[in-house]
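Participant: I am attaching a structure below and will ask some questions about it afterwards.
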Amino acid sequence: MMRFKEEKEAKKEAFRKYLESSGVLDSLTKVLVALYEQNDKPSSALEFIQQKLGGPSVSDYEKLQAEKSDLQIKYNELFAKHQETLRELGVKSLHSRNSSKDDDERDVIEDEHTALVAPPHH
């Protein structure tokens, strides 16, 4: 039982040293002191801490999420239009070149182009 306690204490000490050497303890201490020294305490201590550490506020984060969603919708619409244009151009150019081209070859060309311009998956 004593050995387990010693290992646990050693892990705690190693973690504390890691936090100290990486500057985390110093940064957190400064932020907590700044919060303590505030005459008018913020309504959200967590948001205050996040802002002081360089993170966006909750409202900024929500705005960015909404903007990202809007941009994703616009991107999807534009990509669909682009794909349709490629299909139209691919069919026209293949028909105008040589009517002996078969459908399999056209499909290969479209697949190769689609692979080059496909959106990243998130």
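FYI, nothing fancy with the structure tokens labels: chains A, B, ... in order, residues from 1 per chain, ligands from 1 as they appear.
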Which residues, written as number ranges by chain, have at least one atom at most 8 Å from region 45-62 of chain A, with only C-alpha atoms counted and residues fewer than 2 positions away on the same chain left out?
Facilitator: A: 27, 31-32, 35, 41-43, 64-66
Participant: What does the distance from CA of Lys74 (chain A) to CA of Gly90 (chain A) come to in Å, to one decimal?
Facilitator: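 Here the two named atoms are 23.9 Å from each other.
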Participant: List every residue of region 2-109 of chain A that DSSP, applied to the backbone, labels as helix (DSSP H, G or I), and write the result as a VMD selection string.
Facilitator: chain A and resid 2 to 21 24 to 37 45 to 52 58 to 97 103 to 109
